[in-house]
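Peer 1: Contents of run.cif (mmCIF, C-alpha atoms, pLDDT in the B column; chains and numbers go by the auth columns) are below:
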```
data_target
#
loop_
_atom_site.group_PDB
_atom_site.id
_atom_site.type_symbol
_atom_site.label_atom_id
_atom_site.label_comp_id
_atom_site.label_asym_id
_atom_site.label_seq_id
_atom_site.Cartn_x
_atom_site.Cartn_y
_atom_site.Cartn_z
_atom_site.B_iso_or_equiv
_atom_site.auth_seq_id
_atom_site.auth_asym_id
ATOM 1 C CA MET A 1 -76.655 -74.065 105.124 48.00 5 R
ATOM 2 C CA PHE A 2 -75.355 -75.761 108.241 71.00 6 R
ATOM 3 C CA ARG A 3 -76.011 -79.492 108.181 78.00 7 R
ATOM 4 C CA ASP A 4 -77.031 -79.541 111.874 81.00 8 R
ATOM 5 C CA LYS A 5 -80.012 -77.281 111.055 84.00 9 R
ATOM 6 C CA CYS A 6 -81.283 -79.717 108.435 86.00 10 R
ATOM 7 C CA ARG A 7 -82.882 -83.125 108.406 86.00 11 R
ATOM 8 C CA GLU A 8 -82.462 -85.730 105.712 88.00 12 R
ATOM 9 C CA PHE A 9 -85.581 -85.818 103.581 89.00 13 R
ATOM 10 C CA GLY A 10 -84.722 -88.380 100.901 91.00 14 R
ATOM 11 C CA ILE A 11 -82.829 -89.010 97.693 94.00 15 R
ATOM 12 C CA VAL A 12 -83.423 -88.054 94.060 94.00 16 R
ATOM 13 C CA LEU A 13 -84.221 -91.336 92.296 94.00 17 R
ATOM 14 C CA LYS A 14 -84.580 -90.101 88.725 94.00 18 R
ATOM 15 C CA THR A 15 -85.893 -87.407 86.464 93.00 19 R
ATOM 16 C CA HIS A 16 -89.606 -87.370 85.725 92.00 20 R
ATOM 17 C CA GLY A 17 -90.950 -86.083 82.419 86.00 21 R
ATOM 18 C CA VAL A 18 -89.212 -83.598 80.147 89.00 22 R
ATOM 19 C CA LYS A 19 -89.708 -80.329 82.047 91.00 23 R
ATOM 20 C CA GLY A 20 -87.032 -80.965 84.688 91.00 24 R
ATOM 21 C CA GLU A 21 -89.143 -82.651 87.355 94.00 25 R
ATOM 22 C CA LEU A 22 -87.432 -84.926 89.873 94.00 26 R
ATOM 23 C CA LEU A 23 -88.750 -88.029 91.617 93.00 27 R
ATOM 24 C CA ILE A 24 -87.656 -87.978 95.275 93.00 28 R
ATOM 25 C CA LYS A 25 -87.887 -91.027 97.527 91.00 29 R
ATOM 26 C CA THR A 26 -88.478 -89.872 101.098 88.00 30 R
ATOM 27 C CA VAL A 27 -86.902 -91.428 104.181 85.00 31 R
ATOM 28 C CA PHE A 28 -90.203 -91.293 106.073 81.00 32 R
ATOM 29 C CA GLU A 29 -93.823 -91.949 105.170 79.00 33 R
ATOM 30 C CA ILE A 30 -95.842 -88.989 103.945 79.00 34 R
ATOM 31 C CA SER A 31 -99.555 -88.557 103.391 74.00 35 R
ATOM 32 C CA ASP A 32 -101.376 -87.319 100.293 71.00 36 R
ATOM 33 C CA ASN A 33 -101.924 -83.934 101.935 72.00 37 R
ATOM 34 C CA TYR A 34 -98.279 -83.505 102.978 77.00 38 R
ATOM 35 C CA GLU A 35 -97.097 -79.902 102.753 80.00 39 R
ATOM 36 C CA LEU A 36 -93.525 -79.535 101.582 80.00 40 R
ATOM 37 C CA ALA A 37 -91.514 -76.452 102.516 80.00 41 R
ATOM 38 C CA GLU A 38 -90.801 -73.753 99.916 87.00 42 R
ATOM 39 C CA SER A 39 -87.236 -74.935 99.451 89.00 43 R
ATOM 40 C CA ILE A 40 -85.087 -78.024 99.726 92.00 44 R
ATOM 41 C CA PHE A 41 -81.346 -78.590 99.866 93.00 45 R
ATOM 42 C CA LEU A 42 -79.539 -80.967 97.523 94.00 46 R
ATOM 43 C CA GLU A 43 -76.199 -82.364 98.620 93.00 47 R
ATOM 44 C CA ILE A 44 -73.805 -81.572 95.777 92.00 48 R
ATOM 45 C CA GLU A 45 -70.131 -82.418 96.246 91.00 49 R
ATOM 46 C CA GLY A 46 -70.618 -82.489 100.026 89.00 50 R
ATOM 47 C CA LEU A 47 -72.339 -79.084 100.212 90.00 51 R
ATOM 48 C CA LEU A 48 -76.030 -78.394 100.800 92.00 52 R
ATOM 49 C CA VAL A 49 -77.275 -76.243 97.931 93.00 53 R
ATOM 50 C CA PRO A 50 -80.716 -74.589 98.267 92.00 54 R
ATOM 51 C CA PHE A 51 -83.387 -74.840 95.568 93.00 55 R
ATOM 52 C CA PHE A 52 -86.828 -73.261 95.544 93.00 56 R
ATOM 53 C CA ILE A 53 -89.752 -75.543 94.733 92.00 57 R
ATOM 54 C CA GLU A 54 -92.129 -74.313 92.022 93.00 58 R
ATOM 55 C CA GLU A 55 -94.571 -77.176 92.498 92.00 59 R
ATOM 56 C CA TYR A 56 -94.745 -80.718 93.765 90.00 60 R
ATOM 57 C CA THR A 57 -97.037 -83.729 93.771 88.00 61 R
ATOM 58 C CA VAL A 58 -97.158 -86.512 96.329 87.00 62 R
ATOM 59 C CA SER A 59 -96.866 -89.598 94.151 85.00 63 R
ATOM 60 C CA SER A 60 -97.043 -92.277 96.858 84.00 64 R
ATOM 61 C CA ASN A 61 -96.460 -92.532 100.596 81.00 65 R
ATOM 62 C CA HIS A 62 -92.686 -92.483 99.970 85.00 66 R
ATOM 63 C CA THR A 63 -92.284 -90.471 96.751 89.00 67 R
ATOM 64 C CA ILE A 64 -92.759 -86.864 95.673 92.00 68 R
ATOM 65 C CA ILE A 65 -92.408 -85.388 92.193 92.00 69 R
ATOM 66 C CA THR A 66 -90.896 -81.897 92.426 94.00 70 R
ATOM 67 C CA LYS A 67 -90.306 -79.087 89.973 94.00 71 R
ATOM 68 C CA LEU A 68 -87.423 -76.858 91.057 93.00 72 R
ATOM 69 C CA SER A 69 -86.989 -73.231 90.004 92.00 73 R
ATOM 70 C CA ASP A 70 -84.533 -72.725 87.144 90.00 74 R
ATOM 71 C CA VAL A 71 -84.513 -76.451 86.337 92.00 75 R
ATOM 72 C CA ASP A 72 -86.658 -76.470 83.210 91.00 76 R
ATOM 73 C CA ASN A 73 -85.547 -79.491 81.214 93.00 77 R
ATOM 74 C CA LYS A 74 -84.403 -83.064 81.626 92.00 78 R
ATOM 75 C CA ASN A 75 -80.762 -82.230 80.827 91.00 79 R
ATOM 76 C CA LYS A 76 -80.572 -79.790 83.746 91.00 80 R
ATOM 77 C CA ALA A 77 -82.386 -82.189 86.063 92.00 81 R
ATOM 78 C CA VAL A 78 -80.346 -85.331 85.331 94.00 82 R
ATOM 79 C CA ARG A 79 -77.314 -83.968 87.211 93.00 83 R
ATOM 80 C CA PHE A 80 -79.298 -84.145 90.474 94.00 84 R
ATOM 81 C CA VAL A 81 -80.066 -87.879 90.244 94.00 85 R
ATOM 82 C CA ASP A 82 -78.681 -89.726 93.311 94.00 86 R
ATOM 83 C CA CYS A 83 -78.283 -86.480 95.288 94.00 87 R
ATOM 84 C CA ASN A 84 -79.372 -86.631 98.926 94.00 88 R
ATOM 85 C CA VAL A 85 -82.191 -84.229 99.753 93.00 89 R
ATOM 86 C CA PHE A 86 -82.394 -82.258 102.995 91.00 90 R
ATOM 87 C CA ILE A 87 -84.966 -79.899 104.479 89.00 91 R
ATOM 88 C CA GLU A 88 -84.610 -77.272 107.172 86.00 92 R
ATOM 89 C CA LYS A 89 -85.721 -78.643 110.557 78.00 93 R
ATOM 90 C CA THR A 90 -87.665 -75.469 111.320 70.00 94 R
ATOM 91 C CA LYS A 91 -89.545 -75.748 107.988 54.00 95 R
ATOM 92 C CA LEU A 92 -90.330 -79.432 108.376 52.00 96 R
ATOM 93 C CA LYS A 93 -94.030 -79.928 108.808 50.00 97 R
ATOM 94 C CA THR A 94 -94.505 -83.144 110.667 47.00 98 R
ATOM 95 C CA GLN A 95 -97.808 -84.762 110.032 46.00 99 R
ATOM 96 C CA LYS A 96 -99.306 -87.760 111.662 44.00 100 R
ATOM 97 C CA VAL A 97 -100.838 -90.156 109.173 44.00 101 R
ATOM 98 C CA GLU A 98 -104.292 -90.774 110.562 53.00 102 R
ATOM 99 C CA PHE A 99 -105.788 -92.581 107.592 59.00 103 R
ATOM 100 C CA SER A 100 -104.195 -94.909 105.071 64.00 104 R
ATOM 101 C CA ALA A 101 -105.388 -96.457 101.830 68.00 105 R
ATOM 102 C CA SER A 102 -106.025 -99.809 103.499 71.00 106 R
ATOM 103 C CA ASP A 103 -108.560 -98.050 105.756 77.00 107 R
ATOM 104 C CA LEU A 104 -110.763 -97.552 102.653 82.00 108 R
ATOM 105 C CA ILE A 105 -111.599 -101.256 102.523 86.00 109 R
ATOM 106 C CA GLY A 106 -115.222 -101.697 103.576 90.00 110 R
ATOM 107 C CA PHE A 107 -116.270 -98.156 102.602 91.00 111 R
ATOM 108 C CA SER A 108 -119.401 -97.817 100.461 92.00 112 R
ATOM 109 C CA VAL A 109 -118.993 -96.097 97.098 91.00 113 R
ATOM 110 C CA LEU A 110 -121.751 -93.744 95.979 91.00 114 R
ATOM 111 C CA ASN A 111 -121.972 -92.200 92.521 88.00 115 R
ATOM 112 C CA GLN A 112 -122.685 -88.515 91.889 89.00 116 R
ATOM 113 C CA GLU A 113 -126.456 -89.173 92.123 89.00 117 R
ATOM 114 C CA GLY A 114 -126.071 -90.847 95.533 89.00 118 R
ATOM 115 C CA LYS A 115 -126.648 -94.401 94.258 89.00 119 R
ATOM 116 C CA ASN A 116 -124.742 -97.036 96.246 90.00 120 R
ATOM 117 C CA LEU A 117 -122.486 -98.936 93.845 89.00 121 R
ATOM 118 C CA GLY A 118 -121.002 -101.358 96.355 90.00 122 R
ATOM 119 C CA LYS A 119 -118.162 -101.726 98.835 93.00 123 R
ATOM 120 C CA ILE A 120 -114.437 -101.215 98.398 90.00 124 R
ATOM 121 C CA ILE A 121 -112.766 -104.621 98.693 91.00 125 R
ATOM 122 C CA ASP A 122 -109.222 -103.765 97.591 89.00 126 R
ATOM 123 C CA PHE A 123 -106.989 -101.028 96.193 85.00 127 R
ATOM 124 C CA MET A 124 -103.984 -100.689 93.894 84.00 128 R
ATOM 125 C CA ASP A 125 -101.425 -97.961 94.427 78.00 129 R
ATOM 126 C CA ILE A 126 -99.987 -97.661 90.935 77.00 130 R
ATOM 127 C CA PRO A 127 -97.743 -94.539 90.815 74.00 131 R
ATOM 128 C CA GLY A 128 -99.866 -91.702 89.493 73.00 132 R
ATOM 129 C CA ASN A 129 -102.988 -93.885 89.212 80.00 133 R
ATOM 130 C CA PHE A 130 -104.593 -95.007 92.465 84.00 134 R
ATOM 131 C CA LEU A 131 -107.398 -97.506 91.837 87.00 135 R
ATOM 132 C CA ILE A 132 -110.010 -99.019 94.131 88.00 136 R
ATOM 133 C CA THR A 133 -111.736 -102.357 93.562 89.00 137 R
ATOM 134 C CA VAL A 134 -115.474 -102.120 94.168 89.00 138 R
ATOM 135 C CA MET A 135 -117.744 -105.162 94.476 90.00 139 R
ATOM 136 C CA PHE A 136 -120.607 -104.120 92.189 84.00 140 R
ATOM 137 C CA GLY A 137 -123.343 -106.740 92.370 82.00 141 R
ATOM 138 C CA ASN A 138 -121.516 -109.977 91.683 87.00 142 R
ATOM 139 C CA LYS A 139 -118.598 -108.462 89.763 87.00 143 R
ATOM 140 C CA GLU A 140 -115.512 -106.470 90.651 88.00 144 R
ATOM 141 C CA ILE A 141 -114.856 -103.137 88.958 87.00 145 R
ATOM 142 C CA LEU A 142 -111.740 -100.981 89.083 87.00 146 R
ATOM 143 C CA VAL A 143 -112.435 -97.315 89.702 86.00 147 R
ATOM 144 C CA PRO A 144 -109.919 -94.437 89.630 86.00 148 R
ATOM 145 C CA PHE A 145 -109.647 -92.752 93.022 84.00 149 R
ATOM 146 C CA ASN A 146 -108.119 -89.270 93.092 80.00 150 R
ATOM 147 C CA GLU A 147 -108.954 -85.659 93.881 78.00 151 R
ATOM 148 C CA HIS A 148 -110.535 -85.185 90.428 82.00 152 R
ATOM 149 C CA VAL A 149 -113.268 -87.794 90.967 85.00 153 R
ATOM 150 C CA LEU A 150 -113.746 -87.454 94.716 84.00 154 R
ATOM 151 C CA ILE A 151 -116.906 -85.503 95.532 87.00 155 R
ATOM 152 C CA ASP A 152 -117.310 -86.325 99.215 86.00 156 R
ATOM 153 C CA PHE A 153 -115.489 -88.347 101.844 83.00 157 R
ATOM 154 C CA ASN A 154 -117.526 -89.254 104.916 85.00 158 R
ATOM 155 C CA LYS A 155 -115.302 -91.125 107.362 83.00 159 R
ATOM 156 C CA PRO A 156 -117.950 -91.571 110.115 84.00 160 R
ATOM 157 C CA LYS A 157 -120.460 -93.111 107.653 89.00 161 R
ATOM 158 C CA LYS A 158 -117.682 -95.030 105.838 89.00 162 R
ATOM 159 C CA GLN A 159 -118.785 -93.624 102.478 91.00 163 R
ATOM 160 C CA VAL A 160 -117.050 -92.022 99.524 89.00 164 R
ATOM 161 C CA THR A 161 -118.962 -90.236 96.779 90.00 165 R
ATOM 162 C CA LEU A 162 -117.254 -90.277 93.392 88.00 166 R
ATOM 163 C CA ASP A 163 -117.899 -88.736 89.994 87.00 167 R
ATOM 164 C CA ILE A 164 -118.179 -92.031 88.094 84.00 168 R
ATOM 165 C CA GLN A 165 -117.888 -91.773 84.314 79.00 169 R
ATOM 166 C CA GLU A 166 -120.963 -93.011 82.466 76.00 170 R
ATOM 167 C CA GLY A 167 -120.537 -96.605 81.328 72.00 171 R
ATOM 168 C CA LEU A 168 -117.775 -97.495 83.789 69.00 172 R
ATOM 169 C CA VAL A 169 -119.946 -99.873 85.806 67.00 173 R
ATOM 170 C CA ASP A 170 -121.386 -101.395 82.600 66.00 174 R
ATOM 171 C CA LEU A 171 -118.064 -102.886 81.497 55.00 175 R
#
```
Give the structure from the file, written as structure tokens.
Peer 2:
Amino acid sequence: MFRDKCREFGIVLKTHGVKGELLIKTVFEISDNYELAESIFLEIEGLLVPFFIEEYTVSSNHTIITKLSDVDNKNKAVRFVDCNVFIEKTKLKTQKVEFSASDLIGFSVLNQEGKNLGKIIDFMDIPGNFLITVMFGNKEILVPFNEHVLIDFNKPKKQVTLDIQEGLVDL
């Protein structure tokens, strides 16, 4: 692939897990709904080598965990650590980040029955475990915030409805 038709995307920081996944640090901010192209190019010995992506997960606003085709264990993946990552300019899907995690502060949190639990006062972006701090009465509770617990997101009303596990607010 000609380098002038590509854009630098990031660098492989390390392997992730035992199935050959790679943690890539991006050179630009990405959103949770970022759509990565079907393939990326790793710079190996000065050449851009294409790899198809089986799956990926946006880990944070600057990291993505990818699973490349034919890289199925940690031993195969470790050779790509510190490789620069490129993406074809024509495949690059630029997205404008219109909403960030800090914009959640002040949102009301409703449980699955519609009961208002309180307001979001803070958040923690722990890799793979995003948490929000909700002021519940006179105490703060930490609540997981991800696509598995999110039922509804109403930006105009500044409300999020979450599937809250029984007993979580009783701690």
Peer 1: Run through the PyMOL selection byres ((chain R and resi 58) around 6) on the given coordinates and return the selected residues as a PDB file with C-alpha atoms, keeping the file's coordinate frame.
Peer 2:
```
ATOM      1  CA  ILE R  57     -89.752 -75.543  94.733  1.00 92.00           C
ATOM      2  CA  GLU R  59     -94.571 -77.176  92.498  1.00 92.00           C
ATOM      3  CA  LYS R  71     -90.306 -79.087  89.973  1.00 94.00           C
ATOM      4  CA  LEU R  72     -87.423 -76.858  91.057  1.00 93.00           C
ATOM      5  CA  SER R  73     -86.989 -73.231  90.004  1.00 92.00           C
TER       6      SER R  73
END
```
Peer 1: Applying the PyMOL selection byres ((chain R and resi 67) around 6) to the file I just gave you, which residues come out? Please list them as a PDB file with C-alpha atoms, in the coordinates of the input.
Peer 2:
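The new file expr.pdb reads:
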```pdb
ATOM      1  CA  ILE R  28     -87.656 -87.978  95.275  1.00 93.00           C
ATOM      2  CA  LYS R  29     -87.887 -91.027  97.527  1.00 91.00           C
ATOM      3  CA  THR R  30     -88.478 -89.872 101.098  1.00 88.00           C
ATOM      4  CA  SER R  63     -96.866 -89.598  94.151  1.00 85.00           C
ATOM      5  CA  SER R  64     -97.043 -92.277  96.858  1.00 84.00           C
ATOM      6  CA  HIS R  66     -92.686 -92.483  99.970  1.00 85.00           C
ATOM      7  CA  ILE R  68     -92.759 -86.864  95.673  1.00 92.00           C
TER       8      ILE R  68
END
```
Peer 1: Using only C-alpha atoms, can you tell me which of R:Leu46, R:Ile155, R:Ile34, R:Leu26 comes closest to Glu117 (chain R)?
Peer 2: R:Ile155
Peer 1: Determine the axis-aligned bounding box of all atoms of region 138-152 of chain R present in the file, pad each side by 8 Å, and express its centre and edge lengths in Å to one decimal place as lines of an AutoDock Vina configuration file.
Peer 2:
```
center_x = -115.7
center_y = -97.6
center_z = 91.7
size_x = 31.2
size_y = 40.8
size_z = 21.5
```
Peer 1: Given the file shown, enumerate the residues that the PyMOL selection byres ((chain R and resi 18-25) around 8) captures and present them as a PDB file with C-alpha atoms, keeping the file's coordinate frame.
Peer 2:
```
ATOM      1  CA  VAL R  16     -83.423 -88.054  94.060  1.00 94.00           C
ATOM      2  CA  LEU R  17     -84.221 -91.336  92.296  1.00 94.00           C
ATOM      3  CA  LEU R  26     -87.432 -84.926  89.873  1.00 94.00           C
ATOM      4  CA  LEU R  27     -88.750 -88.029  91.617  1.00 93.00           C
ATOM      5  CA  ILE R  28     -87.656 -87.978  95.275  1.00 93.00           C
ATOM      6  CA  ILE R  69     -92.408 -85.388  92.193  1.00 92.00           C
ATOM      7  CA  THR R  70     -90.896 -81.897  92.426  1.00 94.00           C
ATOM      8  CA  LYS R  71     -90.306 -79.087  89.973  1.00 94.00           C
ATOM      9  CA  LEU R  72     -87.423 -76.858  91.057  1.00 93.00           C
ATOM     10  CA  VAL R  75     -84.513 -76.451  86.337  1.00 92.00           C
ATOM     11  CA  ASP R  76     -86.658 -76.470  83.210  1.00 91.00           C
ATOM     12  CA  ASN R  77     -85.547 -79.491  81.214  1.00 93.00           C
ATOM     13  CA  LYS R  78     -84.403 -83.064  81.626  1.00 92.00           C
ATOM     14  CA  ASN R  79     -80.762 -82.230  80.827  1.00 91.00           C
ATOM     15  CA  LYS R  80     -80.572 -79.790  83.746  1.00 91.00           C
ATOM     16  CA  ALA R  81     -82.386 -82.189  86.063  1.00 92.00           C
ATOM     17  CA  VAL R  82     -80.346 -85.331  85.331  1.00 94.00           C
ATOM     18  CA  VAL R  85     -80.066 -87.879  90.244  1.00 94.00           C
ATOM     19  CA  ASP R  86     -78.681 -89.726  93.311  1.00 94.00           C
TER      20      ASP R  86
END
```
Peer 1: May I have the protein, DNA and RNA residues with an atom at most 9 Å from (-124.0, -90.9, 97.2), counting only C-alpha atoms in the file's coordinates, returned as a ChimeraX atom specification?
Peer 2: /R:112-121,156,163-166
